[in-house]
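Asker: Structure supplied as input.txt; contents: compact mmCIF, C-alpha atoms.
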```txt
# COMPACT_ATOMS: atom_id res chain seq x y z
CA MET X 1 6.53 -29.27 3.01
CA SER X 2 9.76 -28.58 1.20
CA THR X 3 7.95 -29.85 -1.09
CA ARG X 4 -0.73 -29.99 -6.50
CA THR X 5 -6.30 -31.54 -13.99
CA VAL X 6 -7.78 -29.56 -16.19
CA GLY X 7 -7.22 -25.95 -17.27
CA LEU X 8 -8.76 -23.03 -15.45
CA VAL X 9 -10.56 -20.01 -16.70
CA ALA X 10 -10.71 -16.39 -15.57
CA ALA X 11 -7.34 -14.92 -16.44
CA LEU X 12 -4.98 -17.32 -14.78
CA THR X 13 -6.76 -17.78 -11.48
CA ILE X 14 -5.39 -21.27 -11.10
CA THR X 15 -5.16 -22.28 -10.36
CA THR X 16 3.23 -29.88 0.90
CA SER X 17 6.94 -37.06 8.97
CA ILE X 18 7.45 -38.14 10.52
CA ILE X 19 8.33 -41.72 10.28
CA ALA X 20 7.60 -41.73 13.91
CA ALA X 21 9.95 -42.79 16.56
CA CYS X 22 8.67 -43.60 20.00
CA GLY X 23 5.69 -41.57 21.02
CA ALA X 24 2.25 -41.50 22.48
CA ALA X 25 0.61 -44.78 23.35
CA PRO X 26 -2.03 -46.02 20.92
CA LYS X 27 -5.63 -45.23 21.67
CA THR X 28 -8.24 -47.92 21.66
CA ASP X 29 -10.61 -45.87 19.50
CA THR X 30 -9.19 -42.93 17.57
CA ALA X 31 -12.61 -42.10 16.16
CA ALA X 32 -14.05 -41.52 19.60
CA SER X 33 -11.91 -38.48 20.39
CA GLY X 34 -14.20 -35.81 21.81
CA SER X 35 -17.96 -35.77 22.10
CA GLY X 36 -19.55 -36.88 18.87
CA GLY X 37 -16.20 -38.14 17.59
CA SER X 38 -17.55 -41.44 16.30
CA LYS X 39 -20.14 -39.67 14.16
CA ALA X 40 -17.57 -37.13 12.96
CA ALA X 41 -15.22 -39.88 11.83
CA THR X 42 -17.75 -41.06 9.27
CA ALA X 43 -19.26 -37.68 8.37
CA THR X 44 -18.94 -36.93 4.67
CA SER X 45 -20.34 -33.41 5.08
CA ALA X 46 -21.28 -31.00 7.86
CA GLN X 47 -24.90 -31.93 7.26
CA ASP X 48 -24.16 -35.44 8.54
CA LEU X 49 -23.56 -33.88 11.95
CA GLY X 50 -26.57 -31.58 11.84
CA GLY X 51 -24.90 -28.59 10.15
CA LEU X 52 -21.86 -26.40 10.56
CA ASP X 53 -22.77 -25.22 14.07
CA LYS X 54 -22.87 -28.81 15.29
CA LEU X 55 -19.55 -29.51 13.60
CA VAL X 56 -18.04 -26.49 15.37
CA GLU X 57 -19.44 -27.74 18.68
CA ALA X 58 -17.95 -31.20 18.22
CA ALA X 59 -14.58 -29.80 17.10
CA LYS X 60 -14.37 -27.49 20.11
CA LYS X 61 -14.97 -30.44 22.42
CA GLU X 62 -12.06 -32.26 20.81
CA GLY X 63 -10.04 -29.09 21.35
CA GLN X 64 -7.05 -29.97 19.20
CA LEU X 65 -5.99 -30.46 15.59
CA ASN X 66 -2.85 -32.20 14.36
CA VAL X 67 -1.29 -30.85 11.16
CA ILE X 68 1.93 -31.90 9.49
CA ALA X 69 4.42 -30.48 7.00
CA LEU X 70 3.05 -26.92 7.09
CA PRO X 71 5.87 -24.36 7.32
CA PRO X 72 4.48 -21.05 8.60
CA ASP X 73 6.04 -19.20 5.66
CA TRP X 74 4.53 -21.57 3.05
CA ALA X 75 1.45 -20.04 1.37
CA ASN X 76 0.78 -18.04 4.56
CA TYR X 77 0.10 -21.12 6.69
CA GLY X 78 1.37 -19.36 9.81
CA GLU X 79 -1.49 -16.86 9.63
CA LEU X 80 -4.01 -19.53 8.64
CA ILE X 81 -3.14 -21.55 11.73
CA SER X 82 -3.34 -18.51 14.01
CA ALA X 83 -6.65 -17.40 12.51
CA PHE X 84 -8.23 -20.84 12.95
CA THR X 85 -7.20 -21.01 16.61
CA ALA X 86 -8.40 -17.45 17.24
CA LYS X 87 -11.75 -18.19 15.60
CA TYR X 88 -12.53 -21.51 17.27
CA GLY X 89 -10.22 -21.77 20.28
CA ILE X 90 -8.83 -25.06 18.97
CA LYS X 91 -5.13 -25.71 19.58
CA ILE X 92 -3.15 -26.72 16.50
CA ASN X 93 -0.24 -29.10 16.95
CA SER X 94 2.10 -28.59 13.99
CA ASP X 95 4.48 -31.50 13.45
CA ASN X 96 7.52 -31.69 11.17
CA PRO X 97 6.85 -28.39 9.37
CA ASP X 98 9.64 -28.98 6.87
CA GLY X 99 8.48 -32.49 6.00
CA SER X 100 7.60 -33.67 2.50
CA SER X 101 4.43 -35.08 1.01
CA GLN X 102 5.90 -38.58 1.34
CA ASP X 103 6.58 -37.90 5.01
CA GLU X 104 2.89 -37.07 5.43
CA ILE X 105 1.83 -40.37 3.88
CA ASN X 106 4.34 -42.22 6.05
CA ALA X 107 2.98 -40.51 9.17
CA VAL X 108 -0.59 -41.57 8.42
CA LYS X 109 0.57 -45.18 8.23
CA THR X 110 3.06 -45.30 11.09
CA LEU X 111 1.10 -43.24 13.62
CA LYS X 112 -2.25 -44.91 13.05
CA GLY X 113 -4.04 -45.26 16.38
CA GLN X 114 -1.93 -42.65 18.20
CA ASP X 115 -3.05 -39.32 19.62
CA ARG X 116 -0.37 -37.50 17.64
CA ALA X 117 -1.26 -38.95 14.26
CA PRO X 118 -1.99 -36.29 11.61
CA ASP X 119 -5.62 -35.27 11.24
CA VAL X 120 -5.29 -33.49 7.91
CA LEU X 121 -2.86 -33.45 5.01
CA ASP X 122 -1.66 -30.98 2.40
CA LEU X 123 -0.10 -33.02 -0.40
CA GLY X 124 1.41 -32.76 -3.84
CA SER X 125 -1.14 -33.95 -6.40
CA ALA X 126 0.77 -37.17 -7.14
CA PHE X 127 0.74 -38.08 -3.44
CA ALA X 128 -2.93 -37.21 -3.04
CA LEU X 129 -3.74 -39.61 -5.85
CA SER X 130 -1.61 -42.45 -4.47
CA GLY X 131 -2.88 -41.91 -0.92
CA ALA X 132 -6.47 -42.15 -2.13
CA GLN X 133 -5.64 -45.32 -4.03
CA GLU X 134 -4.28 -46.78 -0.78
CA GLY X 135 -7.47 -45.87 1.08
CA LEU X 136 -5.75 -43.52 3.55
CA PHE X 137 -8.26 -40.66 3.38
CA ALA X 138 -11.75 -40.09 4.75
CA PRO X 139 -14.15 -38.68 2.13
CA TYR X 140 -15.48 -35.28 3.11
CA LYS X 141 -17.18 -32.58 1.03
CA VAL X 142 -16.93 -28.99 2.28
CA GLN X 143 -19.90 -26.63 2.02
CA SER X 144 -18.29 -24.91 -0.99
CA TRP X 145 -17.80 -28.27 -2.75
CA ASP X 146 -19.86 -27.38 -5.80
CA LYS X 147 -17.64 -24.36 -6.48
CA ILE X 148 -14.55 -26.56 -6.91
CA PRO X 149 -14.29 -27.55 -10.61
CA ASP X 150 -14.88 -31.24 -11.26
CA GLY X 151 -11.39 -31.79 -12.62
CA GLN X 152 -9.85 -30.46 -9.43
CA LYS X 153 -11.31 -32.85 -6.87
CA ASP X 154 -11.89 -36.53 -6.29
CA ALA X 155 -15.52 -37.27 -7.12
CA ASN X 156 -16.04 -38.98 -3.75
CA GLY X 157 -14.33 -36.28 -1.70
CA ALA X 158 -11.12 -38.15 -0.83
CA TRP X 159 -9.03 -35.11 -1.87
CA TYR X 160 -9.56 -31.72 -3.47
CA TYR X 161 -7.23 -29.04 -4.75
CA ASP X 162 -6.59 -26.18 -2.38
CA TYR X 163 -4.09 -23.70 -3.83
CA GLY X 164 -1.56 -23.65 -6.62
CA GLY X 165 1.03 -21.74 -8.54
CA TYR X 166 3.71 -21.86 -11.22
CA ILE X 167 7.17 -23.31 -11.07
CA SER X 168 9.59 -20.39 -11.15
CA ILE X 169 13.28 -19.60 -10.97
CA GLY X 170 14.32 -17.49 -8.00
CA CYS X 171 17.65 -15.69 -7.92
CA ASP X 172 19.67 -13.61 -5.45
CA ALA X 173 20.54 -10.66 -7.69
CA LYS X 174 23.26 -9.48 -5.29
CA ARG X 175 25.10 -12.81 -5.55
CA VAL X 176 24.37 -13.64 -9.19
CA LYS X 177 25.47 -11.12 -11.81
CA GLU X 178 22.77 -12.02 -14.34
CA CYS X 179 19.74 -13.97 -13.16
CA PRO X 180 18.53 -16.88 -15.31
CA GLN X 181 15.19 -16.49 -17.08
CA SER X 182 14.75 -20.00 -18.47
CA PHE X 183 15.70 -23.61 -17.91
CA ALA X 184 18.11 -23.34 -20.81
CA ASP X 185 19.91 -20.55 -18.96
CA LEU X 186 20.51 -22.83 -15.98
CA LEU X 187 23.12 -24.77 -17.97
CA LYS X 188 25.38 -21.73 -18.32
CA PRO X 189 28.82 -22.19 -16.70
CA GLU X 190 28.46 -19.08 -14.53
CA TYR X 191 25.82 -20.90 -12.46
CA LYS X 192 28.13 -23.66 -11.29
CA GLY X 193 27.13 -24.90 -7.83
CA LYS X 194 24.27 -22.42 -7.59
CA VAL X 195 21.05 -24.19 -8.72
CA ALA X 196 18.90 -25.96 -6.13
CA LEU X 197 15.53 -27.68 -5.82
CA ASN X 198 13.09 -27.50 -2.90
CA GLY X 199 13.56 -31.08 -1.72
CA ASP X 200 13.85 -34.54 -3.24
CA PRO X 201 11.46 -34.87 -6.22
CA THR X 202 10.64 -38.47 -5.31
CA LYS X 203 9.28 -37.24 -1.97
CA ALA X 204 8.41 -33.53 -2.24
CA GLY X 205 5.70 -32.06 -4.45
CA ALA X 206 7.56 -28.82 -5.21
CA ALA X 207 10.68 -30.62 -6.41
CA PHE X 208 8.59 -33.11 -8.41
CA ALA X 209 6.96 -30.17 -10.18
CA GLY X 210 10.39 -28.66 -10.88
CA VAL X 211 11.47 -31.79 -12.76
CA TYR X 212 8.16 -31.88 -14.64
CA ALA X 213 8.66 -28.25 -15.70
CA ALA X 214 12.21 -29.04 -16.86
CA SER X 215 10.79 -31.85 -18.99
CA LEU X 216 8.36 -29.46 -20.70
CA ALA X 217 11.31 -27.16 -21.39
CA ASN X 218 13.25 -29.97 -23.07
CA GLN X 219 10.83 -31.52 -25.56
CA GLY X 220 9.11 -33.62 -22.91
CA SER X 221 5.42 -33.69 -22.15
CA PHE X 222 2.91 -34.56 -19.44
CA ASP X 223 3.30 -38.13 -20.69
CA ASP X 224 7.09 -38.03 -20.63
CA ILE X 225 9.02 -36.69 -17.63
CA GLN X 226 12.27 -38.38 -18.66
CA PRO X 227 13.69 -35.29 -20.43
CA GLY X 228 13.39 -33.46 -17.11
CA ILE X 229 15.40 -36.16 -15.34
CA ASP X 230 17.98 -36.01 -18.13
CA PHE X 231 18.16 -32.23 -17.76
CA PHE X 232 19.02 -32.45 -14.08
CA LYS X 233 21.56 -35.17 -14.82
CA LYS X 234 23.20 -32.79 -17.28
CA MET X 235 23.16 -29.99 -14.69
CA LYS X 236 24.67 -32.35 -12.13
CA GLU X 237 27.45 -33.38 -14.52
CA SER X 238 28.22 -29.76 -15.31
CA GLY X 239 28.42 -28.94 -11.61
CA ASN X 240 25.57 -26.43 -11.73
CA PHE X 241 23.07 -28.48 -9.71
CA THR X 242 23.72 -28.53 -5.98
CA PRO X 243 22.24 -31.23 -3.71
CA VAL X 244 21.49 -28.62 -1.02
CA GLU X 245 17.72 -28.50 -0.50
CA ALA X 246 16.44 -24.94 -0.83
CA THR X 247 14.69 -23.51 2.24
CA PRO X 248 14.07 -19.96 3.47
CA ALA X 249 17.19 -20.33 5.61
CA THR X 250 19.44 -21.35 2.69
CA VAL X 251 18.03 -18.52 0.60
CA GLU X 252 18.66 -15.93 3.30
CA LYS X 253 22.20 -17.21 3.92
CA GLY X 254 23.05 -17.29 0.21
CA GLU X 255 23.62 -21.06 0.17
CA THR X 256 21.12 -21.55 -2.66
CA PRO X 257 21.38 -18.38 -4.78
CA ILE X 258 19.25 -19.90 -7.57
CA THR X 259 16.23 -22.04 -6.75
CA ILE X 260 13.55 -23.83 -8.74
CA ASP X 261 10.35 -23.59 -6.72
CA TRP X 262 6.73 -22.43 -6.67
CA ASP X 263 6.20 -18.79 -7.56
CA TYR X 264 4.25 -18.07 -4.36
CA LEU X 265 7.18 -19.22 -2.22
CA GLN X 266 9.66 -17.23 -4.29
CA ALA X 267 7.45 -14.13 -4.05
CA SER X 268 7.30 -14.48 -0.27
CA TYR X 269 11.11 -14.72 -0.14
CA ALA X 270 11.38 -11.48 -2.10
CA LYS X 271 9.13 -9.72 0.40
CA GLU X 272 10.50 -11.34 3.55
CA PHE X 273 14.19 -10.89 2.86
CA SER X 274 14.26 -7.47 1.19
CA SER X 275 14.85 -5.84 4.58
CA LYS X 276 17.78 -8.20 5.15
CA GLY X 277 19.65 -7.16 2.06
CA VAL X 278 18.55 -9.99 -0.23
CA ASP X 279 17.44 -8.81 -3.67
CA TRP X 280 15.38 -11.86 -4.69
CA LYS X 281 14.17 -11.88 -8.29
CA VAL X 282 11.53 -14.27 -9.61
CA ALA X 283 11.07 -15.43 -13.20
CA ILE X 284 8.53 -17.89 -14.58
CA PRO X 285 10.46 -19.67 -17.35
CA GLY X 286 8.80 -19.40 -20.73
CA ASP X 287 10.37 -22.65 -21.90
CA GLY X 288 8.93 -24.71 -19.04
CA LYS X 289 5.66 -23.15 -17.93
CA TYR X 290 4.21 -25.60 -15.42
CA ALA X 291 1.36 -24.95 -13.00
CA ASN X 292 -0.40 -27.21 -10.57
CA PHE X 293 -2.17 -27.43 -7.23
CA TYR X 294 -1.61 -29.04 -3.90
CA SER X 295 -4.44 -31.04 -2.37
CA GLN X 296 -6.24 -31.28 0.97
CA ALA X 297 -7.31 -34.55 2.55
CA VAL X 298 -8.65 -35.75 5.89
CA SER X 299 -6.85 -38.77 7.33
CA LYS X 300 -9.01 -41.85 7.63
CA TYR X 301 -7.43 -42.36 11.05
CA ALA X 302 -7.70 -38.78 12.32
CA PRO X 303 -7.66 -38.69 16.14
CA HIS X 304 -9.67 -35.44 16.00
CA PRO X 305 -12.16 -36.12 13.19
CA ALA X 306 -14.48 -33.18 13.87
CA ALA X 307 -11.62 -30.67 14.08
CA ALA X 308 -10.18 -32.15 10.88
CA ARG X 309 -13.42 -31.47 9.03
CA LEU X 310 -13.83 -28.01 10.54
CA TRP X 311 -10.29 -27.18 9.33
CA GLN X 312 -11.38 -28.03 5.81
CA GLU X 313 -14.48 -25.84 6.13
CA PHE X 314 -12.28 -22.97 7.31
CA LEU X 315 -9.77 -23.38 4.48
CA TYR X 316 -12.52 -23.41 1.85
CA SER X 317 -14.33 -20.39 3.26
CA ALA X 318 -13.71 -16.96 1.76
CA GLU X 319 -11.62 -16.13 4.84
CA GLY X 320 -9.33 -19.11 4.40
CA GLN X 321 -9.02 -18.75 0.64
CA ASN X 322 -8.08 -15.07 0.97
CA LEU X 323 -5.41 -15.96 3.54
CA TRP X 324 -3.82 -18.31 1.01
CA LEU X 325 -4.09 -15.52 -1.53
CA LYS X 326 -2.29 -13.22 0.91
CA GLY X 327 0.60 -15.70 0.74
CA TYR X 328 0.82 -15.25 -3.07
CA ALA X 329 -0.82 -18.63 -3.72
CA ARG X 330 -3.77 -18.98 -6.09
CA PRO X 331 -6.65 -20.61 -4.18
CA VAL X 332 -8.82 -23.09 -6.02
CA LEU X 333 -12.00 -21.07 -5.37
CA LEU X 334 -10.53 -17.84 -6.74
CA PRO X 335 -12.55 -17.84 -10.00
CA ALA X 336 -15.80 -18.31 -8.07
CA MET X 337 -14.78 -15.70 -5.49
CA GLN X 338 -13.98 -13.16 -8.17
CA GLN X 339 -17.45 -13.72 -9.59
CA ASP X 340 -19.23 -13.28 -6.26
CA GLY X 341 -17.01 -10.43 -5.07
CA THR X 342 -15.44 -12.18 -2.07
CA ALA X 343 -11.88 -12.26 -3.43
CA ASP X 344 -9.62 -9.51 -2.09
CA ALA X 345 -8.81 -7.51 -5.24
CA ALA X 346 -5.64 -6.00 -3.75
CA LEU X 347 -4.30 -9.47 -3.02
CA VAL X 348 -5.16 -10.68 -6.52
CA ALA X 349 -3.21 -7.73 -7.94
CA GLN X 350 -0.03 -8.78 -6.10
CA LEU X 351 0.12 -12.24 -7.71
CA PRO X 352 3.13 -12.90 -9.97
CA LYS X 353 2.15 -12.08 -13.54
CA VAL X 354 2.09 -14.82 -16.15
CA ASP X 355 1.21 -14.68 -19.83
CA GLY X 356 -1.31 -17.18 -21.16
CA ASP X 357 -3.41 -19.84 -19.51
CA PRO X 358 -1.94 -22.97 -17.97
CA THR X 359 -2.69 -26.57 -18.80
CA PHE X 360 -2.38 -29.40 -16.32
CA PRO X 361 -1.48 -33.07 -16.35
CA THR X 362 -4.21 -35.56 -15.55
CA PRO X 363 -3.96 -37.58 -12.33
CA GLU X 364 -3.00 -40.60 -14.42
CA GLN X 365 -0.16 -38.69 -16.10
CA VAL X 366 1.07 -37.47 -12.72
CA ASP X 367 1.01 -41.00 -11.33
CA LYS X 368 3.00 -42.31 -14.30
CA ALA X 369 5.55 -39.49 -13.98
CA LYS X 370 5.95 -40.23 -10.29
CA GLN X 371 6.76 -43.87 -11.05
CA VAL X 372 9.30 -42.95 -13.73
CA LEU X 373 10.94 -40.44 -11.41
CA ALA X 374 11.14 -42.95 -8.55
CA SER X 375 13.01 -45.42 -10.73
CA GLY X 376 15.36 -42.99 -12.48
CA TRP X 377 16.11 -39.99 -10.29
CA GLY X 378 18.68 -41.55 -7.96
CA ALA X 379 20.90 -42.82 -10.75
CA ALA X 380 20.65 -39.52 -12.61
CA VAL X 381 21.90 -37.30 -9.80
CA ALA X 382 24.05 -39.77 -7.82
CA GLY X 383 27.67 -39.01 -7.18
```
Go through the file and emit its structure as structure tokens.
Answerer:
Amino acid sequence: MSTRTVGLVAALTITTSIIAACGAAPKTDTAASGSGGSKAATATSAQDLGGLDKLVEAAKKEGQLNVIALPPDWANYGELISAFTAKYGIKINSDNPDGSSQDEINAVKTLKGQDRAPDVLDLGSAFALSGAQEGLFAPYKVQSWDKIPDGQKDANGAWYYDYGGYISIGCDAKRVKECPQSFADLLKPEYKGKVALNGDPTKAGAAFAGVYAASLANQGSFDDIQPGIDFFKKMKESGNFTPVEATPATVEKGETPITIDWDYLQASYAKEFSSKGVDWKVAIPGDGKYANFYSQAVSKYAPHPAAARLWQEFLYSAEGQNLWLKGYARPVLLPAMQQDGTADAALVAQLPKVDGDPTFPTPEQVDKAKQVLASGWGAAVAG
């Protein structure tokens, strides 16, 4: 997942394919996987199956869950996956962990009817919206549905925000003499060949958000992402922008000494690589303060429909939300959890500090920005 609309309250508690090659033979009935699979495939809540215990029973009989584009070091997904398997005894098959949101959408389409098709998706907000418009998701409302603010979920349950963060600038302080603090700084000549994005913004949610943030820093708006595209064109022409896609490996090796990425990923780099001699600094640029969520969805063609729905219930439980929080991400239920006392206060305290409250683009603004980016990005950074 190298690469998610309204403001939040409560002190900034805001608030990622395979285009398959040859593989498993198609099944005749993907919805019939496991006992009770047919009912699970159309269940819009646990109550449709007789309650959570019955959902657990059906999911255990399926015995497997297919996820896609979930790097273990992204928002603590490695621990989330392990905890789910330990709790329910359900094997998780994790495909293409470094894939993008577009790869996830492609996989739903190209693997339809196959055992290895993705059951669940974690998508950038623009891709969640377009996927829902294409009818690729199965509506499902978790038990904590009412605690998710109305502006942060599809009314019918096709998708719902899961966790979010701020776009930030990460910097290897041992390789860069003075770390940049703003988008304006990134144009300085001393950063030639050093600035990278986490993926292709036409395919990856993190990179898309990076361009959106750059637009806000350059007189753009949620209705106008073009200044962000122009900014990266200018960085490309100056030689500062490198086409190398930032990953934990490129950060550790020093190949991408300055990255534009989500703050929760940057914070995890700082922790993970400190013992390896990397002094990773993180700054949330004041001139381009952009925050957003990623979204969960159940594939309409999930080969393990009960396990897919149980995964959602797990993620939106206090246990799952706190595990995202442990990965420096801001889970969507955090405001409600702070009110009822289920949020881990120590984990809340470790979140990157930001001044002020964020605002968010509407789904319609995100969709428009995605279209503009798709038509203009290639020409802007080509060569």
Asker: I'd like the interatomic distance between CA of Gly157 (chain X) and CA of Ala369 (chain X), to a tenth of an Å.
Answerer: 23.6 Å
Asker: Between CA of Gly239 (chain X) and CA of Asp185 (chain X), what is the distance, to one decimal in Å?
Answerer: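 Answer for the CA of Gly239 (chain X) to CA of Asp185 (chain X) separation: 14.0 Å.
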Asker: Rounded to one decimal, what separation in Å do you get between CA of Thr202 (chain X) and CA of Gln296 (chain X)?
Answerer: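 Interatomic distance, CA of Thr202 (chain X) to CA of Gln296 (chain X): 19.4 Å.
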Asker: With all atoms of region 228-237 of chain X from the file as input, state the centre and edge lengths in Å to one decimal of the axis-aligned box that has 5 Å extra on each side, as JSON.
Answerer:
```
{"center_x": 20.4, "center_y": -33.1, "center_z": -15.1, "size_x": 24.1, "size_y": 16.2, "size_z": 16.0}
```
Asker: So that each row is one residue of region 164-216 of chain X with an atom at most 12 Å from region 328-346 of chain X, can you give its shortest atom pair and the distance in Å to one decimal, using all atoms listed in the file, rows by chain and rising number, as CSV?
Answerer:
```
residue,atom,partner,partner_atom,distance
X:Gly164,CA,X:Arg330,CA,5.2
X:Gly165,CA,X:Ala329,CA,6.0
X:Tyr166,CA,X:Ala329,CA,9.3
X:Ile167,CA,X:Ala329,CA,11.8
```
Asker: I'd like to know which of X:Asp103, X:Asp224, X:Glu57, X:Asp263 is closest to Val211 (chain X), using all atoms listed in the file.
Answerer: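 Counting all atoms listed in the file, the residue closest to Val211 (chain X) is X:Asp224.
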Asker: For Ala83 (chain X), list every protein, DNA or RNA residue within 12 Å, evaluated using only C-alpha atoms, and leave out those in the same chain fewer than 2 positions away; present the list as a ChimeraX atom specification.
Answerer: /X:76-81,85-92,311,314-315,319-320,322-324
Asker: Considering all atoms listed in the file, state which residue in the set X:Ser182, X:Gln312, X:Ser101, X:Ser130 is at the smallest distance from Ala59 (chain X).
Answerer: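 Checking each of X:Ser182, X:Gln312, X:Ser101, X:Ser130 against Ala59 (chain X), counting all atoms listed in the file, the winner is X:Gln312.
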Asker: Give me, as number ranges by chain, all polymer residues having an atom no more than 6 Å from Pro97 (chain X), counting only C-alpha atoms and skipping those fewer than 3 positions away in the same chain.
Answerer: X: 69-71
Asker: Go through X:Ala173, X:Ala158, X:Ile229, X:Val282 one by one, measure the shortest atom-to-atom distance of each to Ser299 (chain X) using only C-alpha atoms, and give the residue with the smallest value.
Answerer: X:Ala158
